Structure formats: C-alpha cells, structure tokens
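*Asks:* File name target.cif; file contents mmCIF, C-alpha atoms; full text below.
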data_target
loop_
_atom_site.label_atom_id
_atom_site.label_comp_id
_atom_site.auth_asym_id
_atom_site.auth_seq_id
_atom_site.Cartn_x
_atom_site.Cartn_y
_atom_site.Cartn_z
CA MET A 1 17.47 -6.01 -2.00
CA ALA A 2 14.31 -5.70 -4.07
CA GLU A 3 12.09 -2.79 -3.17
CA SER A 4 8.94 -3.67 -1.25
CA VAL A 5 5.93 -2.16 -2.98
CA VAL A 6 2.24 -2.05 -2.11
CA PHE A 7 0.10 -0.97 -5.06
CA ILE A 8 -3.25 0.49 -3.97
CA GLY A 9 -6.34 -0.77 -5.80
CA ASN A 10 -10.01 -1.17 -4.94
CA LYS A 11 -9.82 -3.73 -2.14
CA PRO A 12 -10.74 -2.80 1.44
CA ILE A 13 -8.20 -0.38 2.87
CA MET A 14 -7.17 -2.73 5.68
CA ASN A 15 -5.89 -5.25 3.09
CA TYR A 16 -3.23 -2.72 2.07
CA VAL A 17 -2.48 -1.78 5.68
CA LEU A 18 -1.88 -5.46 6.47
CA ALA A 19 0.25 -5.97 3.34
CA THR A 20 2.43 -3.02 4.38
CA LEU A 21 2.76 -4.24 7.99
CA THR A 22 3.61 -7.75 6.81
CA MET A 23 6.46 -6.52 4.61
CA LEU A 24 7.87 -4.40 7.42
CA ASN A 25 7.60 -7.23 9.93
CA GLU A 26 9.22 -9.71 7.56
CA GLY A 27 12.39 -7.68 7.19
CA SER A 28 11.79 -4.86 4.72
CA ALA A 29 13.46 -1.70 5.98
CA GLU A 30 11.12 0.38 3.84
CA VAL A 31 7.93 0.03 1.85
CA ALA A 32 6.76 2.11 -1.11
CA ILE A 33 2.99 2.66 -1.25
CA LYS A 34 2.02 3.46 -4.83
CA ALA A 35 -1.27 4.63 -6.33
CA ARG A 36 -2.73 6.28 -9.41
CA GLY A 37 -5.73 8.54 -9.97
CA LYS A 38 -8.53 8.35 -7.43
CA ALA A 39 -6.66 5.72 -5.42
CA ILE A 40 -4.13 8.39 -4.38
CA SER A 41 -6.24 9.50 -1.41
CA ARG A 42 -6.45 5.86 -0.29
CA ALA A 43 -2.65 5.56 -0.45
CA VAL A 44 -2.42 8.46 2.02
CA ASP A 45 -5.01 6.74 4.24
CA VAL A 46 -2.95 3.53 4.23
CA ALA A 47 0.27 5.36 5.15
CA GLU A 48 -1.47 7.30 7.92
CA ILE A 49 -3.23 4.24 9.40
CA VAL A 50 0.01 2.22 9.39
CA ARG A 51 1.85 5.02 11.19
CA ASN A 52 -0.82 6.21 13.60
CA ARG A 53 -2.36 2.92 14.67
CA PHE A 54 0.38 0.33 14.27
CA MET A 55 3.95 1.62 13.88
CA PRO A 56 4.30 5.12 15.34
CA ASN A 57 8.10 5.07 14.94
CA LEU A 58 7.85 4.67 11.18
CA LYS A 59 8.97 7.70 9.17
CA VAL A 60 7.64 9.13 5.94
CA LYS A 61 10.96 8.99 4.12
CA ASN A 62 9.80 10.44 0.84
CA ILE A 63 6.68 11.38 -1.11
CA LYS A 64 6.88 11.65 -4.88
CA ILE A 65 4.13 12.78 -7.24
CA ASP A 66 4.23 12.33 -10.99
CA THR A 67 2.13 11.96 -14.13
CA GLU A 68 1.77 8.83 -16.27
CA GLU A 69 0.41 8.75 -19.76
CA LEU A 70 -1.95 5.87 -20.36
CA GLU A 71 -3.48 4.78 -23.64
CA SER A 72 -7.15 3.84 -23.55
CA SER A 73 -8.57 0.95 -25.57
CA ASP A 74 -9.66 3.34 -28.36
CA GLY A 75 -6.14 4.75 -28.61
CA LYS A 76 -6.71 8.02 -26.77
CA ARG A 77 -4.00 9.31 -24.51
CA LEU A 78 -4.90 10.01 -20.92
CA ASN A 79 -2.79 11.64 -18.23
CA VAL A 80 -3.11 10.23 -14.74
CA SER A 81 -1.45 11.49 -11.56
CA THR A 82 0.57 9.10 -9.40
CA ILE A 83 1.93 9.09 -5.86
CA GLU A 84 4.64 7.07 -4.18
CA ILE A 85 4.88 7.26 -0.39
CA THR A 86 7.98 5.62 1.08
CA LEU A 87 7.69 4.56 4.72
CA ALA A 88 10.91 3.60 6.49
CA LYS A 89 11.87 2.17 9.88
CA MET B 1 4.76 37.32 4.03
CA ALA B 2 1.53 35.40 4.48
CA GLU B 3 1.56 31.92 3.03
CA SER B 4 -0.38 31.49 -0.21
CA VAL B 5 -2.78 28.57 0.12
CA VAL B 6 -5.16 26.90 -2.32
CA PHE B 7 -7.65 24.62 -0.57
CA ILE B 8 -9.05 21.94 -2.89
CA GLY B 9 -12.82 21.44 -2.83
CA ASN B 10 -15.41 20.23 -5.31
CA LYS B 11 -15.16 22.91 -7.99
CA PRO B 12 -13.80 22.07 -11.46
CA ILE B 13 -10.11 21.26 -11.28
CA MET B 14 -9.10 24.15 -13.56
CA ASN B 15 -10.45 26.64 -10.99
CA TYR B 16 -7.73 25.50 -8.59
CA VAL B 17 -5.10 25.43 -11.32
CA LEU B 18 -5.95 29.05 -12.18
CA ALA B 19 -5.98 30.11 -8.50
CA THR B 20 -2.49 28.62 -8.08
CA LEU B 21 -1.16 30.26 -11.25
CA THR B 22 -2.63 33.62 -10.23
CA MET B 23 -0.89 33.56 -6.85
CA LEU B 24 2.43 32.66 -8.42
CA ASN B 25 2.07 35.34 -11.10
CA GLU B 26 1.10 37.98 -8.55
CA GLY B 27 4.27 37.59 -6.54
CA SER B 28 3.98 34.53 -4.31
CA ALA B 29 7.27 32.64 -4.28
CA GLU B 30 5.45 29.51 -3.23
CA VAL B 31 1.94 28.13 -2.96
CA ALA B 32 0.64 25.41 -0.65
CA ILE B 33 -2.05 23.19 -2.18
CA LYS B 34 -4.06 21.60 0.63
CA ALA B 35 -6.72 18.91 0.59
CA ARG B 36 -8.50 16.42 2.83
CA GLY B 37 -10.02 13.00 2.21
CA LYS B 38 -11.11 12.19 -1.31
CA ALA B 39 -9.95 15.60 -2.56
CA ILE B 40 -6.33 14.51 -2.02
CA SER B 41 -6.07 12.93 -5.47
CA ARG B 42 -7.37 16.19 -6.97
CA ALA B 43 -4.69 18.15 -5.13
CA VAL B 44 -2.05 15.99 -6.86
CA ASP B 45 -3.81 16.59 -10.20
CA VAL B 46 -3.69 20.37 -9.63
CA ALA B 47 0.01 20.32 -8.76
CA GLU B 48 0.82 18.14 -11.77
CA ILE B 49 -1.23 20.22 -14.23
CA VAL B 50 0.33 23.48 -12.98
CA ARG B 51 3.82 22.06 -13.39
CA ASN B 52 3.42 20.07 -16.60
CA ARG B 53 1.23 22.40 -18.63
CA PHE B 54 1.97 25.87 -17.35
CA MET B 55 5.10 26.33 -15.22
CA PRO B 56 7.62 23.56 -15.92
CA ASN B 57 10.31 25.29 -13.85
CA LEU B 58 8.25 25.08 -10.69
CA LYS B 59 9.57 22.69 -8.05
CA VAL B 60 7.73 20.43 -5.65
CA LYS B 61 9.37 21.85 -2.54
CA ASN B 62 7.64 19.66 0.01
CA ILE B 63 4.79 17.18 0.41
CA LYS B 64 3.36 16.59 3.85
CA ILE B 65 0.69 14.06 4.81
CA ASP B 66 -1.15 14.06 8.11
CA THR B 67 -4.36 13.06 9.87
CA GLU B 68 -7.01 15.41 11.23
CA GLU B 69 -9.67 14.44 13.71
CA LEU B 70 -13.08 15.84 12.82
CA GLU B 71 -16.23 15.72 14.89
CA SER B 72 -19.42 14.91 13.02
CA SER B 73 -22.76 16.58 13.82
CA ASP B 74 -23.76 13.65 16.06
CA GLY B 75 -20.55 13.95 18.07
CA LYS B 76 -18.66 11.02 16.55
CA ARG B 77 -14.96 11.39 15.92
CA LEU B 78 -13.72 10.79 12.44
CA ASN B 79 -10.13 10.62 11.20
CA VAL B 80 -9.44 12.14 7.81
CA SER B 81 -6.14 12.16 5.91
CA THR B 82 -4.70 15.43 4.65
CA ILE B 83 -2.05 16.48 2.16
CA GLU B 84 -0.12 19.70 1.69
CA ILE B 85 1.88 20.09 -1.53
CA THR B 86 4.16 23.12 -1.62
CA LEU B 87 5.13 24.35 -5.08
CA ALA B 88 7.96 26.88 -5.28
CA LYS B 89 9.59 28.98 -8.00
#
Produce structure tokens that represent the structure in this file.
*Replies:*
Amino acid sequence: MAESVVFIGNKPIMNYVLATLTMLNEGSAEVAIKARGKAISRAVDVAEIVRNRFMPNLKVKNIKIDTEELESSDGKRLNVSTIEITLAK
Amino acid sequence: MAESVVFIGNKPIMNYVLATLTMLNEGSAEVAIKARGKAISRAVDVAEIVRNRFMPNLKVKNIKIDTEELESSDGKRLNVSTIEITLAK
C-alpha cells in the first residue's frame, strides 16, 4: 500500500487537517505529515488538531527530524530542517 | 539528576546551539530542547545543527508533541502546540 502523505505548505491549516482526516476515513491506516523549515510548527499544529479535536484514539506512531540540502537559484547550498509526523489508527 | 532543558525563544539560533553543547560538555547525558508555537521549527533547527555540525554521535532519543492551553490577558483560552526533543549521548 502506498504511504499516505500530507505535505504542509502555506494554505489555511484546516485544509491540511481535512486532508489528513479524509485519508484516514478513506482507509489509510496511517498518515505521514511532512514539513520543511518554518512550516514545521504548522505540521505539529495539524497533528495536534487532528488528534485533539477529531480523532482522539489516533496515536503518534513516530516523529522523525532531518536536514535536507537545497540549492537556491544562484547555486548556493542551503540546509533546511524537516519533520515527519506519522499518525496511526 | 535534574533534567537539562533548553527552552527556545527569540534569540539567535546559535545561542541555543551553544547552550545545548555546554550542557552536554559539562556532564549532562541528555538535553531536552523545548519550544512552543512558531518556535517549534527553530527547536528542530537547533537539534539538527547540534547533531550535524558538532556532535554527530548524539542520538535523537525521543520527540514528543503536545498541546498547552494558555490564557491571554483578556481571559481568552488559546491552544498552542509544543515540542520536546531529547538529545542523548
């Protein structure tokens, strides 16, 4: 089974909450919420809102942090932190 | 032994990196990096910089996310996400 992933961007936070709930209600046993840089704090918000307001039985199965190296348009290397929060039924 | 804690605020990120390194070099076996709200992404940055640039043998022992309820000055309740990243030798 393909992994269900929600990638956190700049849309309103409830968009990502709904995307996560939809995947879980349509049969995904777990969903990975992924974010980079400043969006990391929003990824935690999404996970917490899903659990506290909508699916209290959901577990935080795993949280992984890492660093990705990006290349900017002028060729400079830039390190950016990442997070992956796996919620599971 | 008291737990060693670095609480992430609005100072330059290297202040928190240095605080973490100091605790580890002065005998703490582990350090908890804690943050709330928008500072959460900076907490991940601190943990990643400490590990990648300074102490590559350090392990991410645990990552915990949670929600705290704050009361604003006008008495309104406000939920804020939190993170606690425990780095261990």
*Asks:* Please return, as a list of chain:residue names, all residues of chain A lying within 9 Å of chain B when all atoms listed in the file are considered.
*Replies:*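 The selection requested is A:Arg36, A:Gly37, A:Lys38, A:Ala39, A:Ile40, A:Ser41, A:Arg42, A:Val44, A:Asp45, A:Ala47, A:Glu48, A:Ile49, A:Asn52, A:Val60, A:Asn62, A:Ile63, A:Lys64, A:Ile65, A:Asp66, A:Thr67, A:Val80, A:Ser81, A:Thr82, A:Ile83.
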*Asks:* Can I get the selected residues back with C-alpha atoms, as a short mmCIF file (atom, residue, chain, number, x, y, z; two decimals), keeping the file's coordinate frame?
*Replies:*
data_model
loop_
_atom_site.label_atom_id
_atom_site.label_comp_id
_atom_site.auth_asym_id
_atom_site.auth_seq_id
_atom_site.Cartn_x
_atom_site.Cartn_y
_atom_site.Cartn_z
CA ARG A 36 -2.73 6.28 -9.41
CA GLY A 37 -5.73 8.54 -9.97
CA LYS A 38 -8.53 8.35 -7.43
CA ALA A 39 -6.66 5.72 -5.42
CA ILE A 40 -4.13 8.39 -4.38
CA SER A 41 -6.24 9.50 -1.41
CA ARG A 42 -6.45 5.86 -0.29
CA VAL A 44 -2.42 8.46 2.02
CA ASP A 45 -5.01 6.74 4.24
CA ALA A 47 0.27 5.36 5.15
CA GLU A 48 -1.47 7.30 7.92
CA ILE A 49 -3.23 4.24 9.40
CA ASN A 52 -0.82 6.21 13.60
CA VAL A 60 7.64 9.13 5.94
CA ASN A 62 9.80 10.44 0.84
CA ILE A 63 6.68 11.38 -1.11
CA LYS A 64 6.88 11.65 -4.88
CA ILE A 65 4.13 12.78 -7.24
CA ASP A 66 4.23 12.33 -10.99
CA THR A 67 2.13 11.96 -14.13
CA VAL A 80 -3.11 10.23 -14.74
CA SER A 81 -1.45 11.49 -11.56
CA THR A 82 0.57 9.10 -9.40
CA ILE A 83 1.93 9.09 -5.86
#
*Asks:* Go through the shown structure with the PyMOL selection byres ((chain B and resi 31) around 7) and write out the matching residues as a list in words.
*Replies:*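 When the PyMOL selection byres ((chain B and resi 31) around 7) is applied to the shown file, the picked residues are Ser4, Val5, Thr20, Ser28, Glu30, Ala32, Ile33, Thr86, Leu87 and Ala88 of chain B.
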*Asks:* Separation of atom CA of A:Leu58 and atom CA of A:Lys34, in Å?
*Replies:*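 Atom-to-atom, atom CA of A:Leu58 and atom CA of A:Lys34 are spaced 17.1 Å apart.
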*Asks:* Can you tell me how far atom CA of B:Thr22 sits from atom CA of B:Val6, in Å to one decimal?
*Replies:*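 Answer for the atom CA of B:Thr22 to atom CA of B:Val6 separation: 10.7 Å.
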*Asks:* With only C-alpha atoms as the atoms that count, which of A:Leu78, A:Leu18, A:Lys89, A:Ile8 lies nearest to A:Arg53?
*Replies:*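 That would be A:Leu18, the residue with the smallest distance to A:Arg53.
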*Asks:* Give me, please, the distance in Å between atom CA of A:Leu24 and atom CA of B:Arg77, quoted to one decimal.
*Replies:*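 Atom CA of B:Arg77 lies at a distance of 29.0 Å from atom CA of A:Leu24.
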*Asks:* Hey, could you pull the box centre and edge lengths for stretch 27-37 of chain A, axis-aligned, 8 Å padding per side, all listed atoms, to one decimal in Å, as lines of an AutoDock Vina configuration file?
*Replies:*
center_x = 3.9
center_y = 0.4
center_z = -1.4
size_x = 35.2
size_y = 32.2
size_z = 33.2
